[in-house]
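Asker: upload-v6.cif is reproduced in full below (mmCIF, C-alpha atoms).
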```
data_target
loop_
_atom_site.label_atom_id
_atom_site.label_comp_id
_atom_site.auth_asym_id
_atom_site.auth_seq_id
_atom_site.Cartn_x
_atom_site.Cartn_y
_atom_site.Cartn_z
CA MET A 1 15.64 22.16 -7.89
CA THR A 2 13.84 20.67 -4.91
CA TYR A 3 10.75 20.39 -7.10
CA LEU A 4 12.64 18.43 -9.73
CA ILE A 5 14.14 16.07 -7.13
CA LEU A 6 10.71 15.56 -5.56
CA PHE A 7 9.15 14.76 -8.91
CA LEU A 8 11.90 12.39 -10.03
CA GLU A 9 12.22 10.57 -6.70
CA PHE A 10 8.48 10.00 -6.41
CA PHE A 11 8.34 9.01 -10.06
CA LYS A 12 10.87 6.30 -9.22
CA VAL A 13 8.77 5.11 -6.27
CA GLY A 14 5.70 4.95 -8.51
CA LEU A 15 7.65 3.02 -11.09
CA PHE A 16 9.08 0.38 -8.78
CA ALA A 17 6.55 -0.01 -5.99
CA LEU A 18 4.61 -3.10 -6.95
CA GLY A 19 1.61 -3.86 -4.78
CA GLY A 20 0.15 -0.58 -3.66
CA GLY A 21 0.67 2.02 -0.96
CA LEU A 22 2.27 -0.13 1.70
CA ALA A 23 4.78 -1.49 -0.81
CA ALA A 24 5.92 2.10 -1.34
CA LEU A 25 6.81 2.60 2.32
CA PRO A 26 10.34 1.12 2.30
CA PHE A 27 11.13 3.33 -0.70
CA LEU A 28 9.82 6.38 1.14
CA GLN A 29 11.87 5.51 4.22
CA ASP A 30 15.04 5.41 2.08
CA LEU A 31 14.09 8.72 0.52
CA ILE A 32 13.63 10.70 3.70
CA VAL A 33 16.87 9.33 5.12
CA LYS A 34 18.74 10.15 1.92
CA TYR A 35 17.58 13.76 1.77
CA GLY A 36 16.96 14.32 5.48
CA TRP A 37 13.44 15.55 4.70
CA MET A 38 12.10 14.42 8.06
CA THR A 39 12.71 11.98 10.89
CA ALA A 40 11.54 8.35 10.84
CA ALA A 41 9.13 9.14 13.69
CA GLU A 42 7.60 11.97 11.68
CA LEU A 43 7.18 9.62 8.73
CA LEU A 44 5.40 7.06 10.93
CA ASN A 45 3.03 9.79 12.14
CA MET A 46 2.33 10.79 8.58
CA ILE A 47 1.64 7.21 7.54
CA ALA A 48 -0.78 6.82 10.45
CA ILE A 49 -2.65 9.92 9.31
CA SER A 50 -2.45 8.87 5.64
CA GLU A 51 -4.08 5.59 6.55
CA SER A 52 -6.94 7.18 8.45
CA THR A 53 -7.82 9.85 5.90
CA PRO A 54 -9.57 9.13 2.61
CA GLY A 55 -7.56 8.37 -0.51
CA ALA A 56 -4.79 5.94 -1.40
CA ILE A 57 -2.17 5.66 1.37
CA GLY A 58 0.73 6.12 -1.06
CA ILE A 59 -0.80 9.27 -2.56
CA ASN A 60 -1.56 10.73 0.87
CA THR A 61 1.98 10.08 2.12
CA ALA A 62 3.49 11.60 -1.04
CA THR A 63 1.38 14.74 -0.61
CA PHE A 64 2.49 14.92 3.02
CA ILE A 65 6.21 14.55 2.35
CA GLY A 66 6.10 16.95 -0.60
CA ASN A 67 4.17 19.48 1.41
CA ASN A 68 6.54 19.17 4.35
CA THR A 69 9.57 19.60 2.10
CA ALA A 70 8.50 22.33 -0.29
CA GLY A 71 5.06 23.68 0.61
CA ILE A 72 1.79 23.23 -1.24
CA THR A 73 3.46 23.12 -4.66
CA GLY A 74 5.83 20.46 -3.35
CA GLY A 75 2.86 18.36 -2.27
CA ILE A 76 1.29 18.60 -5.71
CA ILE A 77 4.56 17.81 -7.50
CA ALA A 78 5.39 14.77 -5.34
CA THR A 79 1.90 13.40 -5.88
CA ALA A 80 2.04 14.00 -9.63
CA GLY A 81 5.42 12.25 -9.71
CA LEU A 82 4.06 9.23 -7.87
CA ALA A 83 0.97 8.92 -10.10
CA ALA A 84 2.72 9.62 -13.42
CA PRO A 85 4.24 6.14 -14.01
CA SER A 86 0.87 4.51 -13.26
CA VAL A 87 -0.89 6.75 -15.75
CA ILE A 88 1.71 6.13 -18.45
CA ILE A 89 2.02 2.36 -17.95
CA ILE A 90 -1.69 1.73 -17.51
CA THR A 91 -2.63 3.89 -20.50
CA ILE A 92 -0.33 1.80 -22.68
CA ILE A 93 -1.69 -1.46 -21.23
CA ALA A 94 -5.29 -0.23 -21.54
CA HIS A 95 -4.69 0.68 -25.17
CA TYR A 96 -3.59 -2.85 -26.02
CA PHE A 97 -6.05 -4.45 -23.65
CA GLU A 98 -8.94 -3.01 -25.67
CA SER A 99 -7.74 -4.86 -28.75
CA PHE A 100 -6.66 -8.04 -26.95
CA ASN A 101 -9.40 -8.61 -24.41
CA GLN A 102 -11.49 -10.58 -26.91
CA HIS A 103 -8.56 -12.89 -27.64
CA PRO A 104 -9.31 -16.46 -26.44
CA LEU A 105 -6.02 -16.66 -24.52
CA VAL A 106 -6.76 -13.45 -22.63
CA LYS A 107 -10.34 -14.53 -21.98
CA SER A 108 -9.17 -17.91 -20.66
CA ALA A 109 -6.58 -16.22 -18.47
CA PHE A 110 -9.24 -13.97 -16.97
CA SER A 111 -11.50 -16.97 -16.28
CA GLY A 112 -8.77 -18.06 -13.86
CA ILE A 113 -7.91 -14.57 -12.63
CA ARG A 114 -11.47 -13.65 -11.64
CA PRO A 115 -11.88 -16.13 -8.75
CA ALA A 116 -8.29 -15.34 -7.69
CA VAL A 117 -9.15 -11.64 -7.50
CA ALA A 118 -12.10 -12.54 -5.28
CA GLY A 119 -9.57 -14.38 -3.08
CA LEU A 120 -7.32 -11.34 -3.17
CA ILE A 121 -10.10 -9.02 -2.08
CA ALA A 122 -11.23 -11.47 0.61
CA SER A 123 -7.68 -11.61 1.94
CA ALA A 124 -7.58 -7.80 2.09
CA ALA A 125 -10.75 -7.87 4.19
CA PHE A 126 -9.20 -10.57 6.38
CA GLU A 127 -6.03 -8.54 6.96
CA LEU A 128 -8.13 -5.50 7.80
CA ALA A 129 -10.25 -7.54 10.22
CA ARG A 130 -7.16 -9.11 11.79
CA GLY A 131 -6.16 -5.77 13.27
CA GLY A 132 -9.54 -4.29 14.05
CA ILE A 133 -11.99 -7.08 14.79
CA PHE A 134 -10.02 -10.05 16.04
CA ASP A 135 -6.47 -10.45 17.21
CA LEU A 136 -4.59 -13.68 16.60
CA ASN A 137 -1.70 -12.61 18.84
CA ASN A 138 -4.04 -12.17 21.75
CA LEU A 139 -5.24 -15.75 21.39
CA GLN A 140 -1.70 -17.10 21.33
CA PHE A 141 -0.56 -15.19 24.38
CA ASN A 142 -3.62 -15.62 26.56
CA ASN A 143 -5.21 -18.82 25.31
CA ASN A 144 -8.42 -17.06 26.11
CA LEU A 145 -11.09 -17.17 23.46
CA PHE A 146 -12.93 -14.26 25.03
CA GLN A 147 -10.10 -11.91 24.23
CA PHE A 148 -9.88 -13.13 20.65
CA PHE A 149 -12.61 -10.83 19.40
CA ASP A 150 -13.11 -7.16 19.89
CA TYR A 151 -16.81 -7.52 20.62
CA LYS A 152 -17.71 -3.90 19.93
CA SER A 153 -16.20 -4.16 16.43
CA LEU A 154 -17.67 -7.61 15.81
CA LEU A 155 -21.14 -6.38 16.73
CA LEU A 156 -20.75 -3.37 14.44
CA LEU A 157 -19.55 -5.65 11.63
CA ILE A 158 -22.64 -7.84 11.92
CA ILE A 159 -25.00 -4.87 12.09
CA ILE A 160 -23.44 -3.10 9.09
CA PHE A 161 -23.30 -6.31 7.08
CA ILE A 162 -27.00 -7.01 7.66
CA ALA A 163 -27.81 -3.39 6.78
CA ILE A 164 -25.82 -3.64 3.52
CA ARG A 165 -27.61 -6.83 2.48
CA LYS A 166 -31.02 -5.52 3.48
CA PHE A 167 -31.07 -1.85 2.45
CA LYS A 168 -28.62 -1.84 -0.46
CA GLN A 169 -27.74 1.82 0.12
CA HIS A 170 -24.73 3.63 -1.34
CA PRO A 171 -21.48 2.42 0.31
CA ILE A 172 -20.73 6.02 1.37
CA ILE A 173 -23.78 5.93 3.67
CA TYR A 174 -22.33 3.01 5.64
CA ILE A 175 -18.88 4.60 5.82
CA MET A 176 -20.31 7.86 7.18
CA ALA A 177 -22.58 6.03 9.62
CA ALA A 178 -19.60 4.01 10.86
CA ALA A 179 -17.53 7.19 11.32
CA LEU A 180 -20.30 8.65 13.48
CA ILE A 181 -20.67 5.46 15.51
CA GLY A 182 -16.89 5.30 15.95
CA ILE A 183 -16.80 8.82 17.37
CA ILE A 184 -19.85 8.37 19.61
CA PHE A 185 -18.84 5.00 21.04
CA LYS A 186 -15.07 5.73 21.09
CA PHE A 187 -13.85 2.84 18.92
CA MET B 1 -16.64 17.29 -22.21
CA LYS B 2 -19.68 16.67 -20.09
CA LYS B 3 -18.72 12.99 -19.79
CA LEU B 4 -15.15 13.88 -18.77
CA LEU B 5 -16.42 16.22 -16.07
CA LYS B 6 -18.73 13.50 -14.83
CA ILE B 7 -15.85 10.97 -14.76
CA PHE B 8 -13.77 13.50 -12.81
CA LEU B 9 -16.56 14.13 -10.30
CA ILE B 10 -17.36 10.43 -9.81
CA PHE B 11 -13.72 9.64 -9.12
CA PHE B 12 -13.48 12.68 -6.85
CA LYS B 13 -16.30 11.11 -4.86
CA ILE B 14 -14.55 7.72 -4.93
CA GLY B 15 -11.28 9.31 -3.74
CA SER B 16 -13.12 11.07 -0.93
CA PHE B 17 -14.47 7.83 0.49
CA THR B 18 -11.74 5.27 -0.16
CA PHE B 19 -10.34 4.35 3.25
CA GLY B 20 -7.54 1.78 3.06
CA GLY B 21 -6.07 0.07 0.01
CA GLY B 22 -7.32 -0.05 -3.56
CA TYR B 23 -9.86 -2.75 -2.74
CA ALA B 24 -11.77 -0.20 -0.63
CA MET B 25 -12.70 1.72 -3.78
CA LEU B 26 -14.42 -1.27 -5.43
CA PRO B 27 -17.80 -1.08 -3.65
CA ILE B 28 -18.14 2.62 -4.59
CA ILE B 29 -16.95 2.14 -8.20
CA LYS B 30 -19.47 -0.69 -8.60
CA ARG B 31 -22.28 1.41 -7.16
CA GLU B 32 -21.56 4.48 -9.28
CA LEU B 33 -20.46 3.04 -12.63
CA VAL B 34 -22.27 -0.31 -12.75
CA ASP B 35 -25.48 0.11 -10.73
CA ASN B 36 -26.23 3.82 -11.19
CA LEU B 37 -24.85 4.66 -14.64
CA GLY B 38 -24.43 1.28 -16.33
CA TRP B 39 -21.28 2.60 -18.03
CA ILE B 40 -19.28 -0.52 -17.34
CA LYS B 41 -19.82 -4.24 -16.71
CA GLU B 42 -19.26 -5.52 -13.18
CA ASN B 43 -16.74 -8.16 -14.25
CA ASP B 44 -14.71 -5.52 -16.12
CA ILE B 45 -14.05 -3.66 -12.86
CA TYR B 46 -12.57 -6.77 -11.30
CA ASN B 47 -10.44 -7.34 -14.42
CA TYR B 48 -9.15 -3.76 -14.20
CA TYR B 49 -8.42 -4.23 -10.51
CA ALA B 50 -6.48 -7.41 -11.33
CA ILE B 51 -4.42 -5.48 -13.88
CA GLY B 52 -3.94 -2.64 -11.40
CA GLN B 53 -2.66 -5.15 -8.83
CA SER B 54 -0.08 -6.69 -11.09
CA THR B 55 1.44 -3.54 -12.61
CA PRO B 56 3.78 -1.09 -10.87
CA GLY B 57 2.35 1.87 -9.01
CA ILE B 58 -0.42 2.60 -6.55
CA ILE B 59 -3.21 0.05 -7.11
CA ALA B 60 -6.02 2.57 -6.65
CA VAL B 61 -4.43 4.94 -9.18
CA ASN B 62 -3.89 2.08 -11.63
CA THR B 63 -7.51 0.98 -11.29
CA ALA B 64 -8.76 4.55 -11.71
CA THR B 65 -6.60 5.07 -14.82
CA MET B 66 -7.69 1.75 -16.33
CA THR B 67 -11.38 2.42 -15.67
CA GLY B 68 -11.14 5.99 -16.95
CA TYR B 69 -9.43 4.83 -20.14
CA SER B 70 -12.13 2.26 -20.83
CA LEU B 71 -14.76 4.98 -20.42
CA SER B 72 -13.20 7.74 -22.51
CA GLY B 73 -9.67 6.98 -23.73
CA VAL B 74 -6.59 8.87 -22.57
CA LYS B 75 -8.65 11.90 -21.54
CA GLY B 76 -10.90 9.66 -19.48
CA ALA B 77 -7.85 8.11 -17.83
CA LEU B 78 -6.54 11.55 -16.88
CA ALA B 79 -9.95 12.75 -15.69
CA ALA B 80 -10.43 9.66 -13.48
CA THR B 81 -6.93 9.75 -12.02
CA SER B 82 -6.88 13.48 -11.29
CA GLY B 83 -10.38 13.20 -9.81
CA PHE B 84 -9.28 10.35 -7.57
CA ILE B 85 -6.13 12.16 -6.41
CA MET B 86 -7.71 15.57 -5.84
CA PRO B 87 -9.40 14.85 -2.46
CA SER B 88 -6.10 13.47 -1.11
CA LEU B 89 -4.29 16.62 -2.18
CA ILE B 90 -6.87 18.90 -0.60
CA ILE B 91 -7.33 16.96 2.65
CA ILE B 92 -3.64 16.23 3.26
CA THR B 93 -2.60 19.79 2.42
CA LEU B 94 -5.14 21.05 4.95
CA ILE B 95 -3.97 18.56 7.59
CA ALA B 96 -0.30 19.35 6.92
CA SER B 97 -1.03 23.00 7.73
CA PHE B 98 -2.47 21.96 11.09
CA PHE B 99 -0.23 18.93 11.59
CA LYS B 100 0.65 19.53 15.24
CA ARG B 101 -2.94 20.02 16.26
CA PHE B 102 -4.20 17.05 14.24
CA GLN B 103 -1.99 14.66 16.17
CA GLN B 104 -3.86 15.53 19.34
CA ILE B 105 -7.29 14.89 17.92
CA ASN B 106 -8.17 11.24 18.38
CA LEU B 107 -11.64 11.86 17.03
CA PHE B 108 -10.26 10.83 13.65
CA GLN B 109 -8.82 7.65 15.09
CA HIS B 110 -12.16 6.64 16.61
CA ALA B 111 -13.94 7.38 13.35
CA PHE B 112 -11.35 5.48 11.33
CA ALA B 113 -11.44 2.37 13.55
CA ALA B 114 -15.17 2.06 12.91
CA ILE B 115 -14.82 2.93 9.21
CA GLN B 116 -12.42 -0.02 8.88
CA VAL B 117 -15.14 -2.31 10.20
CA ALA B 118 -17.59 -0.88 7.64
CA VAL B 119 -15.04 -1.45 4.86
CA VAL B 120 -14.66 -5.10 5.96
CA ALA B 121 -18.45 -5.51 5.75
CA LEU B 122 -18.58 -3.85 2.30
CA ILE B 123 -15.76 -6.05 1.03
CA ILE B 124 -17.44 -9.25 2.28
CA ASP B 125 -20.58 -8.12 0.44
CA ILE B 126 -18.55 -7.53 -2.76
CA VAL B 127 -16.93 -10.99 -2.50
CA ILE B 128 -20.37 -12.62 -2.14
CA LYS B 129 -21.59 -10.68 -5.21
CA MET B 130 -18.50 -11.75 -7.16
CA TRP B 131 -19.29 -15.35 -6.34
CA GLN B 132 -22.92 -14.96 -7.42
CA LYS B 133 -21.77 -13.47 -10.72
CA SER B 134 -19.17 -16.21 -11.35
CA ASP B 135 -19.68 -19.58 -13.07
CA LYS B 136 -19.94 -21.13 -9.57
CA SER B 137 -17.84 -24.12 -10.68
CA LYS B 138 -15.82 -26.25 -8.29
CA ILE B 139 -12.60 -25.21 -10.00
CA SER B 140 -13.41 -21.50 -9.46
CA LEU B 141 -14.07 -22.19 -5.79
CA LEU B 142 -10.75 -24.02 -5.58
CA ILE B 143 -8.87 -21.09 -7.17
CA PHE B 144 -10.62 -18.69 -4.78
CA ILE B 145 -9.68 -20.71 -1.69
CA LEU B 146 -6.12 -21.32 -2.90
CA ALA B 147 -5.57 -17.62 -3.66
CA PHE B 148 -6.93 -16.65 -0.24
CA LEU B 149 -4.74 -19.15 1.61
CA LEU B 150 -1.58 -18.35 -0.37
CA LEU B 151 -2.02 -14.65 0.42
CA VAL B 152 -3.08 -14.89 4.05
CA ILE B 153 -1.00 -17.83 5.31
CA PHE B 154 2.03 -17.81 3.05
CA GLY B 155 2.11 -14.07 2.39
CA LEU B 156 2.64 -14.61 -1.33
CA SER B 157 2.73 -11.47 -3.47
CA PRO B 158 -0.60 -10.75 -5.24
CA VAL B 159 1.35 -10.47 -8.50
CA PHE B 160 2.25 -14.17 -8.38
CA VAL B 161 -1.30 -15.12 -7.42
CA ILE B 162 -2.65 -13.27 -10.46
CA LEU B 163 -0.03 -14.66 -12.84
CA GLY B 164 -0.56 -18.18 -11.49
CA SER B 165 -4.32 -17.98 -11.77
CA ALA B 166 -4.00 -16.64 -15.33
CA ALA B 167 -1.92 -19.69 -16.26
CA ALA B 168 -4.44 -21.94 -14.47
CA GLY B 169 -7.31 -20.34 -16.41
CA ILE B 170 -5.59 -20.95 -19.74
CA LEU B 171 -4.72 -24.57 -18.84
CA ILE B 172 -8.25 -25.33 -17.64
CA GLN B 173 -9.88 -23.91 -20.77
CA TYR B 174 -7.35 -25.78 -22.91
CA TYR B 175 -7.97 -29.03 -21.07
CA ARG B 176 -11.72 -28.65 -21.51
CA GLY B 177 -11.25 -27.92 -25.21
CA ASN B 178 -12.92 -24.51 -24.83
CA LEU B 179 -9.77 -22.67 -25.77
CA GLN B 180 -9.42 -24.45 -29.11
CA THR B 181 -13.07 -23.84 -30.04
CA ALA B 182 -12.87 -20.20 -28.99
CA TYR B 183 -9.65 -19.75 -30.93
CA HIS B 184 -11.20 -21.30 -34.03
CA ASN B 185 -14.19 -18.94 -33.82
CA TYR B 186 -11.94 -15.99 -33.11
CA GLN B 187 -9.85 -16.65 -36.23
CA LYS B 188 -12.98 -17.12 -38.33
CA GLN B 189 -14.36 -13.81 -37.06
CA ASN B 190 -11.12 -12.03 -37.84
CA GLN B 191 -11.02 -13.46 -41.35
CA GLU B 192 -14.57 -12.31 -41.91
CA SER B 193 -13.84 -8.83 -40.65
CA ASP B 194 -10.74 -8.70 -42.87
CA LYS B 195 -12.91 -9.36 -45.93
#
```
In structure tokens, how does this file's structure come out?

Answerer:
Amino acid sequence: MTYLILFLEFFKVGLFALGGGLAALPFLQDLIVKYGWMTAAELLNMIAISESTPGAIGINTATFIGNNTAGITGGIIATAGLAAPSVIIITIIAHYFESFNQHPLVKSAFSGIRPAVAGLIASAAFELARGGIFDLNNLQFNNNLFQFFDYKSLLLLIIIFIAIRKFKQHPIIYIMAAALIGIIFKF
Amino acid sequence: MKKLLKIFLIFFKIGSFTFGGGYAMLPIIKRELVDNLGWIKENDIYNYYAIGQSTPGIIAVNTATMTGYSLSGVKGALAATSGFIMPSLIIITLIASFFKRFQQINLFQHAFAAIQVAVVALIIDIVIKMWQKSDKSKISLLIFILAFLLLVIFGLSPVFVILGSAAAGILIQYYRGNLQTAYHNYQKQNQESDK
């Protein structure tokens, strides 16, 4: 019974959460309150871990909650429930997309979407940098430009960026190198 | 079968190294599927990501499903999605078993803080490459800047940005007369293929 509830509830989250992992969080909060699966503090801990381990945040959190509620099988079922609507909806869209993507209207639409997606991705990088590399709040409170940047992170950003442009290695290399640097220099 | 296994393994690799939102998977997808295997065109990935952004569900899962489908139909979609999810399942299940101890290890936090910086660098690189691959027109630059500002300053939902830019794309092509020409050719092609 718990398995069925897990599957259905996470299916619902997957169906209605528009905009990725973080958009799913309010739904998850409602869920754990409704069923008393865990405390809000525990959920926050789980989200923090889900964010700092590989994989999509929503998927990680679903695995966590499922696992916490009904063991390893629970983790698998919650995750399957969360991913199922995506797989169904996207498969249907992909099916039609194959036959429509040569249509002039669709092609024109994508000529506008493409630069917007670049903007979208750039804004994701900006949001990520806002927390880790520079801090707007700090500037407002202190009016001190020297506290605006986290210099250690800024230096690392410049070094990694130059390395990416110069050596063109696999992205995984830079991620692993950064992990090592983070541990050694206590980021 | 061999292709499906390969799709599964590639997305397993992608899932193992995606830190953050769906955008974080793009540099690795591009490297594996565009640069190394040539299975997919670079612009297609960004189109799939745009679709993944504007449909319900986890963006990374949507993008994986969409990419997998384009490679090998429904089976490809399932192979890509299960491959992408698998590392999460394994890693989180392991952590959940040692949850109390994990909280005390800040090694992961140090590593993650620096990984975030690397992801920012990788994303900036991807955005530059997207620009180099684009038509480099003033109107594209305008859409790029507008989208960025609407998201960052006004906190607009990405869904609206994508829908708005789609409408803008159609209007611009119509205004330039490209849409009519393309439509004419498209109909002619279809008539020919019907014969």

Asker: Give me the result of the PyMOL selection byres ((chain A and resi 108) around 10) on this file, residue by residue, as a list of chain:residue names.

Answerer: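 Applied to this file, the PyMOL selection byres ((chain A and resi 108) around 10) returns A:Gln102, A:His103, A:Pro104, A:Leu105, A:Val106, A:Lys107, A:Ala109, A:Phe110, A:Ser111, A:Gly112, A:Ile113, B:Ala166, B:Ala167, B:Ala168, B:Gly169, B:Ile170, B:Leu171, B:Ile172, B:Gln173, B:Tyr174, B:Asn178, B:Leu179, B:Ala182.
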
Asker: Determine, using only C-alpha atoms, which residues of chain A have any atom at most 6 Å from an atom of chain B, and tabulate each with its shortest atom pair and distance in Å to one decimal place, rows ordered by chain and then rising number, as JSON lines.

Answerer:
```
{"residue": "A:Gly14", "atom": "CA", "partner": "B:Gly57", "partner_atom": "CA", "distance": 4.6}
{"residue": "A:Leu15", "atom": "CA", "partner": "B:Pro56", "partner_atom": "CA", "distance": 5.6}
{"residue": "A:Phe16", "atom": "CA", "partner": "B:Pro56", "partner_atom": "CA", "distance": 5.9}
{"residue": "A:Ala17", "atom": "CA", "partner": "B:Gly57", "partner_atom": "CA", "distance": 5.5}
{"residue": "A:Leu18", "atom": "CA", "partner": "B:Pro56", "partner_atom": "CA", "distance": 4.5}
{"residue": "A:Gly20", "atom": "CA", "partner": "B:Ile58", "partner_atom": "CA", "distance": 4.3}
{"residue": "A:Gly21", "atom": "CA", "partner": "B:Ile58", "partner_atom": "CA", "distance": 5.7}
{"residue": "A:Ser52", "atom": "CA", "partner": "B:Phe112", "partner_atom": "CA", "distance": 5.5}
{"residue": "A:Pro54", "atom": "CA", "partner": "B:Phe19", "partner_atom": "CA", "distance": 4.9}
{"residue": "A:Gly55", "atom": "CA", "partner": "B:Gly15", "partner_atom": "CA", "distance": 5.0}
{"residue": "A:Asn60", "atom": "CA", "partner": "B:Ser88", "partner_atom": "CA", "distance": 5.7}
{"residue": "A:Ser86", "atom": "CA", "partner": "B:Gly57", "partner_atom": "CA", "distance": 5.2}
{"residue": "A:Pro104", "atom": "CA", "partner": "B:Tyr183", "partner_atom": "CA", "distance": 5.6}
{"residue": "A:Ser108", "atom": "CA", "partner": "B:Ile170", "partner_atom": "CA", "distance": 4.8}
{"residue": "A:Ala109", "atom": "CA", "partner": "B:Ala166", "partner_atom": "CA", "distance": 4.1}
{"residue": "A:Ser111", "atom": "CA", "partner": "B:Gly169", "partner_atom": "CA", "distance": 5.4}
{"residue": "A:Gly112", "atom": "CA", "partner": "B:Gly169", "partner_atom": "CA", "distance": 3.7}
{"residue": "A:Ile113", "atom": "CA", "partner": "B:Ser165", "partner_atom": "CA", "distance": 5.0}
{"residue": "A:Pro115", "atom": "CA", "partner": "B:Phe144", "partner_atom": "CA", "distance": 4.9}
{"residue": "A:Ala116", "atom": "CA", "partner": "B:Phe144", "partner_atom": "CA", "distance": 5.0}
{"residue": "A:Ala118", "atom": "CA", "partner": "B:Val127", "partner_atom": "CA", "distance": 5.8}
{"residue": "A:Gly119", "atom": "CA", "partner": "B:Phe148", "partner_atom": "CA", "distance": 4.5}
{"residue": "A:Ser123", "atom": "CA", "partner": "B:Phe148", "partner_atom": "CA", "distance": 5.5}
{"residue": "A:Ala125", "atom": "CA", "partner": "B:Val120", "partner_atom": "CA", "distance": 5.1}
{"residue": "A:Leu157", "atom": "CA", "partner": "B:Val117", "partner_atom": "CA", "distance": 5.7}
{"residue": "A:Phe161", "atom": "CA", "partner": "B:Ala121", "partner_atom": "CA", "distance": 5.1}
{"residue": "A:Pro171", "atom": "CA", "partner": "B:Ile28", "partner_atom": "CA", "distance": 5.9}
{"residue": "A:Ile175", "atom": "CA", "partner": "B:Ile115", "partner_atom": "CA", "distance": 5.5}
{"residue": "A:Ala178", "atom": "CA", "partner": "B:Ile115", "partner_atom": "CA", "distance": 5.2}
{"residue": "A:Ala179", "atom": "CA", "partner": "B:Ala111", "partner_atom": "CA", "distance": 4.1}
{"residue": "A:Gly182", "atom": "CA", "partner": "B:Ala111", "partner_atom": "CA", "distance": 4.4}
{"residue": "A:Ile183", "atom": "CA", "partner": "B:Ala111", "partner_atom": "CA", "distance": 5.1}
{"residue": "A:Lys186", "atom": "CA", "partner": "B:His110", "partner_atom": "CA", "distance": 5.4}
{"residue": "A:Phe187", "atom": "CA", "partner": "B:His110", "partner_atom": "CA", "distance": 4.8}
```

Asker: Ile5 in chain A: which residues within 12 Å, counting all atoms listed in the file, same-chain residues fewer than 4 positions away excluded, as a list of chain:residue names?

Answerer: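 The contact residues come out as A:Met1, A:Glu9, A:Phe10, A:Phe11, A:Lys12, A:Leu31, A:Lys34, A:Tyr35, A:Trp37, A:Gly66, A:Thr69, A:Ala70, A:Gly74, A:Ile77, A:Ala78, A:Gly81.
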
Asker: Restricting the output to C-alpha atoms, write the selected residues as a PDB file, keeping the file's coordinate frame.

Answerer:
```
ATOM      1  CA  MET A   1      15.640  22.160  -7.890  1.00  0.00           C
ATOM      2  CA  GLU A   9      12.220  10.570  -6.700  1.00  0.00           C
ATOM      3  CA  PHE A  10       8.480  10.000  -6.410  1.00  0.00           C
ATOM      4  CA  PHE A  11       8.340   9.010 -10.060  1.00  0.00           C
ATOM      5  CA  LYS A  12      10.870   6.300  -9.220  1.00  0.00           C
ATOM      6  CA  LEU A  31      14.090   8.720   0.520  1.00  0.00           C
ATOM      7  CA  LYS A  34      18.740  10.150   1.920  1.00  0.00           C
ATOM      8  CA  TYR A  35      17.580  13.760   1.770  1.00  0.00           C
ATOM      9  CA  TRP A  37      13.440  15.550   4.700  1.00  0.00           C
ATOM     10  CA  GLY A  66       6.100  16.950  -0.600  1.00  0.00           C
ATOM     11  CA  THR A  69       9.570  19.600   2.100  1.00  0.00           C
ATOM     12  CA  ALA A  70       8.500  22.330  -0.290  1.00  0.00           C
ATOM     13  CA  GLY A  74       5.830  20.460  -3.350  1.00  0.00           C
ATOM     14  CA  ILE A  77       4.560  17.810  -7.500  1.00  0.00           C
ATOM     15  CA  ALA A  78       5.390  14.770  -5.340  1.00  0.00           C
ATOM     16  CA  GLY A  81       5.420  12.250  -9.710  1.00  0.00           C
TER      17      GLY A  81
END
```

Asker: Using CA of Leu154 in chain A and CA of Ile173 in chain A as the two end points, give the distance in Å to one decimal.

Answerer: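 Computed distance, CA of Leu154 in chain A to CA of Ile173 in chain A, equals 19.2 Å.
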
Asker: Work out how far apart CA of Asn67 in chain A and CA of Leu43 in chain A are and give it in Å to one decimal.

Answerer: 12.6 Å

Asker: Excluding Trp39 in chain B and residues on its chain fewer than 3 positions from it, collect all residues at most 8 Å away from it, counting all atoms listed in the file, and give them as number ranges by chain.

Answerer: B: 33-34, 71
